[in-house]
Structure formats: C-alpha cells, structure tokens
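Let me begin by presenting the structure, written as structure tokens, before commenting on it.
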Amino acid sequence: MAGLQINHLYKRYGKDKHPVVKDFHMTIRDKEFIVFVGPSGCGKSTTLRMIAGLEDISEGEIFIDDQLVNHLPPKDRDISMVFQNYALYPNLSVYENIAFGLRMRKLPKHEIDIAVKKASRILEIDPYLNRKPRHLSGGQRQRVALGRAIVRNPKLFLMDEPLSNLDAKLRVSMRMEIIKLHQNLGTTFIYVTHDQAEAMTMADRIVVMRDGIIQQIDTPERIYSMPANTFVASFIGSPQINFIRGKIEENALGVLEFHTSRFKLPVHGSNATALRKHSQVNKQVVLGIRPENISLEALFSEAVISGSYQFTELMGADRYLYLDIGQDNLLIARVSPSVHFEKNEAVRLGIDTLKVLFFHRETGERFS
Ligand code: ADP
Ligand code: MG
C-alpha cells in the first residue's frame with residue numbers, strides 16, 4: 001500500500017537548460033491506478049524513472065507514504081517495475097524466473113515457493129512453471145515478467161509500456177489481466193502508455209502530458225467529456241474530435257450563436273455563460289464536437305450542419321462519414337453502417353448542442 005506526493009518535479013539532462021519534465025505535481029492515493037499518457041518524448045518514462053529512483057531529480061520532491069525518497073536508492077523504495085523490453089532468463093524455468101529476485105534476497109525456500117505459486121495462480125501460469133521461456137507464447141512470457149514483479153509484494157507497481165511489444169489482440173486481453181491484477185493485489189499502480197485506449201480502459205485517473213508538462217489530471221470520463229484544452233480533446237478519443245473554427249455572435253433576441261461561412265449553431269446554457277464570462281462575443285473561437293455526437297437525424301435537431309459527402313470508412317458496427325464543411329479539415333460523423341451517399345451529395349447533420357465544447361482560438365484552453 002502506498003500513496004505518493006509528487007511536488008513540483010523537474011528533470012534537466014546534463015547542461016540542457018530546457019527541462020524534459022516541468023513542474024510535475026500531483027497526489028496519488030493508495031490503491032489508485034494512475035496512467036501517464038501522451039505522445040512519444042513527452043516525459044512519461046523520465047517521470048516514472050524518477051519515482052523508481054533510476055533517474056536523478058533535478059528539482060522537486062517525491063514522497064512515498066510520507067517518506068521523502070529523493071535520495072533513496074531504488075532497492076529501498078519497495079517498488080516493482082515492468083518495462084516494455086522485459087528480459088526473461090532463457091535458461092531458467094518459469095518458476096526460477098519468477099523466484100530469481102527472491103533468491104537474490106536470500107529468502108527461505110518455502111517462502112519463495114509460496115510466493116511463486118501464489119503469483120503464478122493469480123496470473124494463470126501455474127501449468128507452465130517447469131517450462132523454459134522459449135516454449136511460451138508472447139502473452140505467457142509477459143505474464144511471467146509480471147509474476148516476477150508481483151512476487152516481491154511491493155507497495156507500488158510501475159509499468160512502462162509493458163504491452164507495446166504484443167500484437168493488438170493480445171494487448172487487449174493483457175489489459176484485462178492487468179486490471180484484474182490491480183483488483184486482486186490492492187496495490188497502487190502507475191502505468192505509462194502512449195496509447196489513449198489503454199489509458200481510457202485501465203485508469204482510475206489519467207495524467208495527460210505534453211512536452212514535459214501536465215495538461216490534465218482527471219478520471220477517464222472527465223478527460224473525455226471535459227478536456228482541459230484542444231490537445232487533450234484531440235489526443236483522447238478515436239476517431240478524433242472535430243474542431244470547427246467560427247465566430248460567436250449575439251442575435252437580435254440576445255441568444256449567442258456560433259457562425260461559420262456556411263452555417264450557424266445556437267449556443268446554450270453553460271457554454272453561453274462561459275463564453276460571455278470570457279468575453280468571447282464577436283470573437284473567433286474553436287468549436288469541438290465528437291463524431292458520435294453528430295447524427296443524420298437533422299430533421300428534429302435545432303442545430304444543423306450542412307456538408308458535402310466525401311468518403312466513408314465502414315468499421316463494422318459503425319460507419320465514419322467524412323464531410324466537407326468548408327474548413328481545412330473534413331468533419332467526421334459516426335453513424336449507422338447502413339447509410340449510403342454519392343460523392344459531393346449534400347448531407348444535413350444534427351449536432352447535440354449539449355455535447356459541444358468551445359476552446360480559445362490561440363491558447364486552445366476550453367472555456368468553462
Ligand atoms: P516518453 O517516455 O514520454 O516517450 P521520455 O521520458 O523517454 O519520453 O523522454 C522525454 C525527453 O527526454 C525526450 O525528449 C528524450 O529525448 C529526452 N531524454 C530521455 N532520456 C534522456 C537522456 N538520457 N539524455 C538526454 N535526454 C533524454
Ligand atoms: Mg517512454
């Protein structure tokens with residue numbers, strides 16, 4: 001069991017003045033499953049390695065269970081780490097691979113035996129304990145690597161892209177294994193990935209990073225529906241959120257509207273309040289709408305976008321329509337697979353105005 005307090009953490013490599021991790025600050029509760037997500041090079045691994053003690057801290061503090069660990073060597077932090085490139089000992093059996101760390105620490109034989117068997121039962125690799133790694137599938141080998149981490153019964157698990165080397169199908173099933181593992185162990189997990197789908201499916205809370213800076217820390221639900229800025233909005237979700245540029249205007253009745261050269265949409269409720277609060281009337285803004293909040297039932301909608309059909313992607317249960325709405329990017333709508341259009345056919349789409357988000361045109365911050 002472990003809670004963490006990370007205070008204003010910075011990392012600078014060598015004489016480089018520009019930090020690769022900048023003012024990383026958060027509290028992690030005991031038993032939480034935290035995911036760090038962001039594009040390659042944004043500082044996820046560096047942050048994790050500072051928590052593990054594998055990387056010096058340039059500035060800031062890390063507390064594990066109220067103990068300042070800045071200068072504590074990795075072995076004294078009671079942490080287990082699983083990497084993308086886990087290496088098993090090829091000449092040792094699965095049993096010996098899992099037991100290795102405990103033997104190094106000279107634990108009594110029967111204690112090692114209990115720990116190995118318990119870990120292998122949790123991971124369902126107990127039938128293979130006598131096999132050599134080369135006689136296992138990729139998923140089984142990955143579970144042995146996890147087994148090696150969990151036998152040590154650490155108070156904190158750190159995982160750095162542990163599933164990246166697996167094929168897509170196996171990745172999805174291993175995701176579930178790790179979620180189960182977290183539930184069974186009741187231990188704090190910090191998991192690093194560049195894959196937004198892994199972050200969304202696994203995390204209690206997600207930390208979205210960009211260029212070494214935290215963009216948002218929140219539950220998957222809130223990250224998705226209330227992204228802090230355009231970066232978070234577009235990084236999370238597939239297909240991506242649509243951004244539409246336009247101007248906020250007030251009509252003769254005092255109602256706010258979003259205008260583009262081709263269409264206008266009414267702006268209601270909390271969005272109207274937020275846009276007024278931030279003095280955005282008569283200003284250019286960016287509207288965000290996710291593809292699933294656009295529908296073909298424009299007839300009953302008070303908010304309609306018109307576009308011309310360009311092409312389609314059939315995804316099985318859904319179809320993605322790509323429409324030209326007179327902006328730089330095509331609009332993507334997620335609709336029923338049964339619809340068909342001709343190239344350049346005019347299409348009217350209804351927008352769920354309650355799901356519309358507005359962002360500052362330059363900073364990308366969401367108005368709230
Ligand atoms: P991520 O895990 O999010 O892909 P990293 O934490 O590995 O990103 O890297 C963050 C930044 O730090 C990158 O720009 C990377 O090039 C740089 N970096 C990582 N390790 C070193 C190092 N040992 N020396 C110098 N720069 C490094
Ligand atoms: Mg990394």
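Residue numbering restarts at 1 in every chain; chains get A, B, ... in the order shown in the structure tokens, and ligands count up from 1 in that same order.
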
Please give me, as a PyMOL selection string, the residues lying within 10 Å of ligand 1 when counting only C-alpha atoms and all ligand atoms.
-> chain A and resi 11-16+18-21+36-50+55+160-161+192-194+209-212

Generate the output file for the selected residues, N, CA and C atoms, as a compact mmCIF listing (two decimals), in the first residue's frame.
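Ended up saving to part39.txt:
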```txt
# COMPACT_ATOMS: atom_id res chain seq x y z
N LYS A 11 13.01 17.73 -14.46
CA LYS A 11 14.16 16.96 -14.91
C LYS A 11 14.86 17.69 -16.04
N ARG A 12 16.16 17.96 -15.84
CA ARG A 12 17.00 18.51 -16.90
C ARG A 12 18.14 17.53 -17.11
N TYR A 13 18.39 17.18 -18.36
CA TYR A 13 19.51 16.28 -18.65
C TYR A 13 20.76 17.09 -18.90
N GLY A 14 21.83 16.70 -18.26
CA GLY A 14 23.14 17.33 -18.46
C GLY A 14 23.08 18.82 -18.28
N LYS A 15 23.69 19.55 -19.21
CA LYS A 15 23.74 21.01 -19.09
C LYS A 15 22.53 21.67 -19.76
N ASP A 16 21.66 20.81 -20.31
CA ASP A 16 20.49 21.32 -21.02
C ASP A 16 19.61 22.14 -20.08
N HIS A 18 16.69 23.40 -20.86
CA HIS A 18 15.27 23.14 -21.12
C HIS A 18 14.84 21.84 -20.43
N PRO A 19 13.91 21.93 -19.46
CA PRO A 19 13.54 20.71 -18.75
C PRO A 19 12.70 19.77 -19.61
N VAL A 20 12.92 18.45 -19.49
CA VAL A 20 12.08 17.48 -20.22
C VAL A 20 10.87 17.09 -19.37
N VAL A 21 10.96 17.35 -18.06
CA VAL A 21 9.78 17.26 -17.19
C VAL A 21 9.73 18.58 -16.42
N PHE A 36 -0.08 7.50 -16.96
CA PHE A 36 0.55 8.66 -17.63
C PHE A 36 0.43 8.40 -19.13
N VAL A 37 -0.19 9.33 -19.85
CA VAL A 37 -0.33 9.15 -21.29
C VAL A 37 0.09 10.41 -22.02
N GLY A 38 0.59 10.24 -23.23
CA GLY A 38 1.00 11.38 -24.04
C GLY A 38 1.86 10.88 -25.17
N PRO A 39 2.14 11.75 -26.15
CA PRO A 39 2.93 11.30 -27.30
C PRO A 39 4.35 10.95 -26.91
N SER A 40 5.03 10.23 -27.77
CA SER A 40 6.41 9.82 -27.54
C SER A 40 7.28 11.05 -27.24
N GLY A 41 8.11 10.95 -26.21
CA GLY A 41 9.04 12.03 -25.89
C GLY A 41 8.48 13.10 -24.96
N CYS A 42 7.26 12.89 -24.43
CA CYS A 42 6.65 13.94 -23.60
C CYS A 42 7.10 13.87 -22.14
N GLY A 43 7.90 12.86 -21.78
CA GLY A 43 8.45 12.82 -20.42
C GLY A 43 7.83 11.79 -19.50
N LYS A 44 7.03 10.87 -20.03
CA LYS A 44 6.37 9.86 -19.21
C LYS A 44 7.38 8.95 -18.52
N SER A 45 8.29 8.37 -19.32
CA SER A 45 9.26 7.42 -18.76
C SER A 45 10.20 8.11 -17.78
N THR A 46 10.62 9.31 -18.12
CA THR A 46 11.52 10.05 -17.24
C THR A 46 10.86 10.27 -15.87
N THR A 47 9.59 10.65 -15.86
CA THR A 47 8.88 10.86 -14.61
C THR A 47 8.80 9.55 -13.81
N LEU A 48 8.45 8.47 -14.52
CA LEU A 48 8.33 7.17 -13.85
C LEU A 48 9.68 6.73 -13.27
N ARG A 49 10.74 6.99 -14.05
CA ARG A 49 12.08 6.58 -13.59
C ARG A 49 12.55 7.41 -12.41
N MET A 50 12.10 8.65 -12.30
CA MET A 50 12.42 9.43 -11.11
C MET A 50 11.69 8.87 -9.89
N GLU A 55 16.51 7.58 -11.96
CA GLU A 55 16.92 8.83 -12.60
C GLU A 55 16.99 9.89 -11.51
N ASP A 160 6.05 0.52 -17.52
CA ASP A 160 6.36 1.42 -18.63
C ASP A 160 6.09 0.71 -19.96
N GLU A 161 4.96 1.02 -20.56
CA GLU A 161 4.54 0.43 -21.83
C GLU A 161 4.74 -1.08 -21.86
N VAL A 192 2.48 3.61 -17.65
CA VAL A 192 2.82 4.55 -18.71
C VAL A 192 2.45 3.97 -20.07
N THR A 193 1.80 4.77 -20.90
CA THR A 193 1.48 4.34 -22.26
C THR A 193 1.35 5.54 -23.18
N HIS A 194 1.55 5.31 -24.49
CA HIS A 194 1.25 6.37 -25.45
C HIS A 194 -0.12 6.12 -26.08
N MET A 209 0.11 14.20 -20.61
CA MET A 209 1.33 15.02 -20.66
C MET A 209 1.63 15.45 -22.08
N ARG A 210 2.28 16.61 -22.18
CA ARG A 210 2.76 17.10 -23.47
C ARG A 210 4.00 17.95 -23.22
N ASP A 211 5.07 17.66 -23.96
CA ASP A 211 6.33 18.42 -23.81
C ASP A 211 6.74 18.59 -22.36
N GLY A 212 6.63 17.53 -21.57
CA GLY A 212 7.08 17.58 -20.18
C GLY A 212 6.13 18.26 -19.21
```

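Look at Gly139 of chain A: the protein and nucleic acid residues within 10 Å of it, using only C-alpha atoms and passing over chain neighbours fewer than 5 places away, are Val144, Ala145, Leu163, Asn165, Leu166, Asp167, Leu170, Arg171, Ser173 and Met174 of chain A.
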
Save out the residues we just selected, N, CA and C atoms, as a PDB file, in the first residue's frame.
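Output below, filename result.pdb:
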```pdb
ATOM      1  N   VAL A 144       4.834 -13.932 -17.146  1.00  0.00           N
ATOM      2  CA  VAL A 144       5.970 -14.320 -16.290  1.00  0.00           C
ATOM      3  C   VAL A 144       6.696 -13.056 -15.806  1.00  0.00           C
ATOM      4  N   ALA A 145       6.850 -12.094 -16.732  1.00  0.00           N
ATOM      5  CA  ALA A 145       7.506 -10.833 -16.345  1.00  0.00           C
ATOM      6  C   ALA A 145       6.699 -10.124 -15.249  1.00  0.00           C
ATOM      7  N   LEU A 163       2.934  -3.500 -22.599  1.00  0.00           N
ATOM      8  CA  LEU A 163       2.227  -4.288 -23.607  1.00  0.00           C
ATOM      9  C   LEU A 163       2.595  -3.912 -25.041  1.00  0.00           C
ATOM     10  N   ASN A 165       4.988  -4.500 -27.008  1.00  0.00           N
ATOM     11  CA  ASN A 165       5.558  -5.479 -27.936  1.00  0.00           C
ATOM     12  C   ASN A 165       4.587  -6.588 -28.320  1.00  0.00           C
ATOM     13  N   LEU A 166       3.376  -6.534 -27.812  1.00  0.00           N
ATOM     14  CA  LEU A 166       2.412  -7.604 -28.097  1.00  0.00           C
ATOM     15  C   LEU A 166       1.515  -7.216 -29.269  1.00  0.00           C
ATOM     16  N   ASP A 167       0.958  -8.221 -29.942  1.00  0.00           N
ATOM     17  CA  ASP A 167       0.054  -7.883 -31.044  1.00  0.00           C
ATOM     18  C   ASP A 167      -1.282  -7.381 -30.481  1.00  0.00           C
ATOM     19  N   LEU A 170      -3.718  -9.574 -28.308  1.00  0.00           N
ATOM     20  CA  LEU A 170      -3.124  -9.951 -27.032  1.00  0.00           C
ATOM     21  C   LEU A 170      -3.054  -8.757 -26.092  1.00  0.00           C
ATOM     22  N   ARG A 171      -2.811  -7.594 -26.667  1.00  0.00           N
ATOM     23  CA  ARG A 171      -2.742  -6.376 -25.866  1.00  0.00           C
ATOM     24  C   ARG A 171      -4.051  -6.135 -25.143  1.00  0.00           C
ATOM     25  N   SER A 173      -6.322  -8.374 -24.316  1.00  0.00           N
ATOM     26  CA  SER A 173      -6.575  -9.332 -23.234  1.00  0.00           C
ATOM     27  C   SER A 173      -5.620  -9.113 -22.060  1.00  0.00           C
ATOM     28  N   MET A 174      -4.376  -8.676 -22.350  1.00  0.00           N
ATOM     29  CA  MET A 174      -3.441  -8.405 -21.245  1.00  0.00           C
ATOM     30  C   MET A 174      -3.858  -7.171 -20.438  1.00  0.00           C
TER      31      MET A 174
END
```

Within 12 Å of Arg319 of chain A using only C-alpha atoms, minus same-chain residues under 6 positions, as a list in words |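 Near Arg319 of chain A, the qualifying residues are Pro239, Pro291, Glu292, Ser295, Leu296, Phe311, Thr312, Glu313, Ile332, Ala333, Arg334, Val335, Ser336, Pro337, Ser338, Val339, His340 and Phe341 of chain A.
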
Selection to disk with C-alpha atoms, as a PDB file, in the first residue's frame:
```
ATOM      1  CA  PRO A 239     -11.910   8.855 -34.317  1.00  0.00           C
ATOM      2  CA  PRO A 291     -18.072  12.220 -34.095  1.00  0.00           C
ATOM      3  CA  GLU A 292     -20.644  10.253 -32.059  1.00  0.00           C
ATOM      4  CA  SER A 295     -26.281  12.377 -36.257  1.00  0.00           C
ATOM      5  CA  LEU A 296     -28.129  12.086 -39.538  1.00  0.00           C
ATOM      6  CA  PHE A 311     -15.883   9.393 -48.386  1.00  0.00           C
ATOM      7  CA  THR A 312     -16.637   6.787 -45.788  1.00  0.00           C
ATOM      8  CA  GLU A 313     -14.971   4.177 -43.582  1.00  0.00           C
ATOM      9  CA  ILE A 332     -16.111  13.108 -39.222  1.00  0.00           C
ATOM     10  CA  ALA A 333     -19.514  11.786 -38.141  1.00  0.00           C
ATOM     11  CA  ARG A 334     -20.053   8.354 -36.610  1.00  0.00           C
ATOM     12  CA  VAL A 335     -23.313   6.975 -37.957  1.00  0.00           C
ATOM     13  CA  SER A 336     -25.159   3.734 -38.674  1.00  0.00           C
ATOM     14  CA  PRO A 337     -23.397   1.460 -41.178  1.00  0.00           C
ATOM     15  CA  SER A 338     -26.495   1.224 -43.402  1.00  0.00           C
ATOM     16  CA  VAL A 339     -26.383   4.726 -44.927  1.00  0.00           C
ATOM     17  CA  HIS A 340     -25.025   5.477 -48.395  1.00  0.00           C
ATOM     18  CA  PHE A 341     -24.259   8.734 -50.194  1.00  0.00           C
TER      19      PHE A 341
END
```

Would you please extract all strand (DSSP E) residues from segment 111-325 of chain A, as assigned by DSSP on the backbone, and give them as number ranges by chain?
-> A: 156-160, 188-193, 205-210, 213-218, 242-250, 256-259, 264-266, 284-289, 294-295, 304-314, 319-324

Could you check how far atom CA of Tyr309 of chain A sits from atom CA of Glu297 of chain A, in Å to one decimal?
->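 Separating atom CA of Tyr309 of chain A from atom CA of Glu297 of chain A is a distance of 15.6 Å.
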
8 Å contact set for segment 57-71 of chain A, only C-alpha atoms, chain neighbours under 4 positions out, as a PyMOL selection string | chain A and resi 2-12+23+50-51+53+77

Using only C-alpha atoms, which of the listed residues (A:Ser120, A:Thr230, A:Asn251, A:Asn242) sits closest to Lys264 of chain A?
->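 Of the candidates, the smallest distance to Lys264 of chain A is held by A:Asn251.
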
Taking into account only C-alpha atoms, which residue in the set A:Leu181, A:Gly254, A:Pro127, A:Gly288 is nearest to Phe231 of chain A?
-> A:Gly288

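When only C-alpha atoms are used to measure the gap to Glu362 of chain A, the shortest distance among A:Val286, A:Ala346, A:Ile305, A:Ile325 belongs to A:Val286.
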
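Counting only C-alpha atoms and all ligand atoms and comparing A:Leu331, A:Val347, A:Ile244, A:Met159, the residue that lies closest to ligand 2 is A:Met159.
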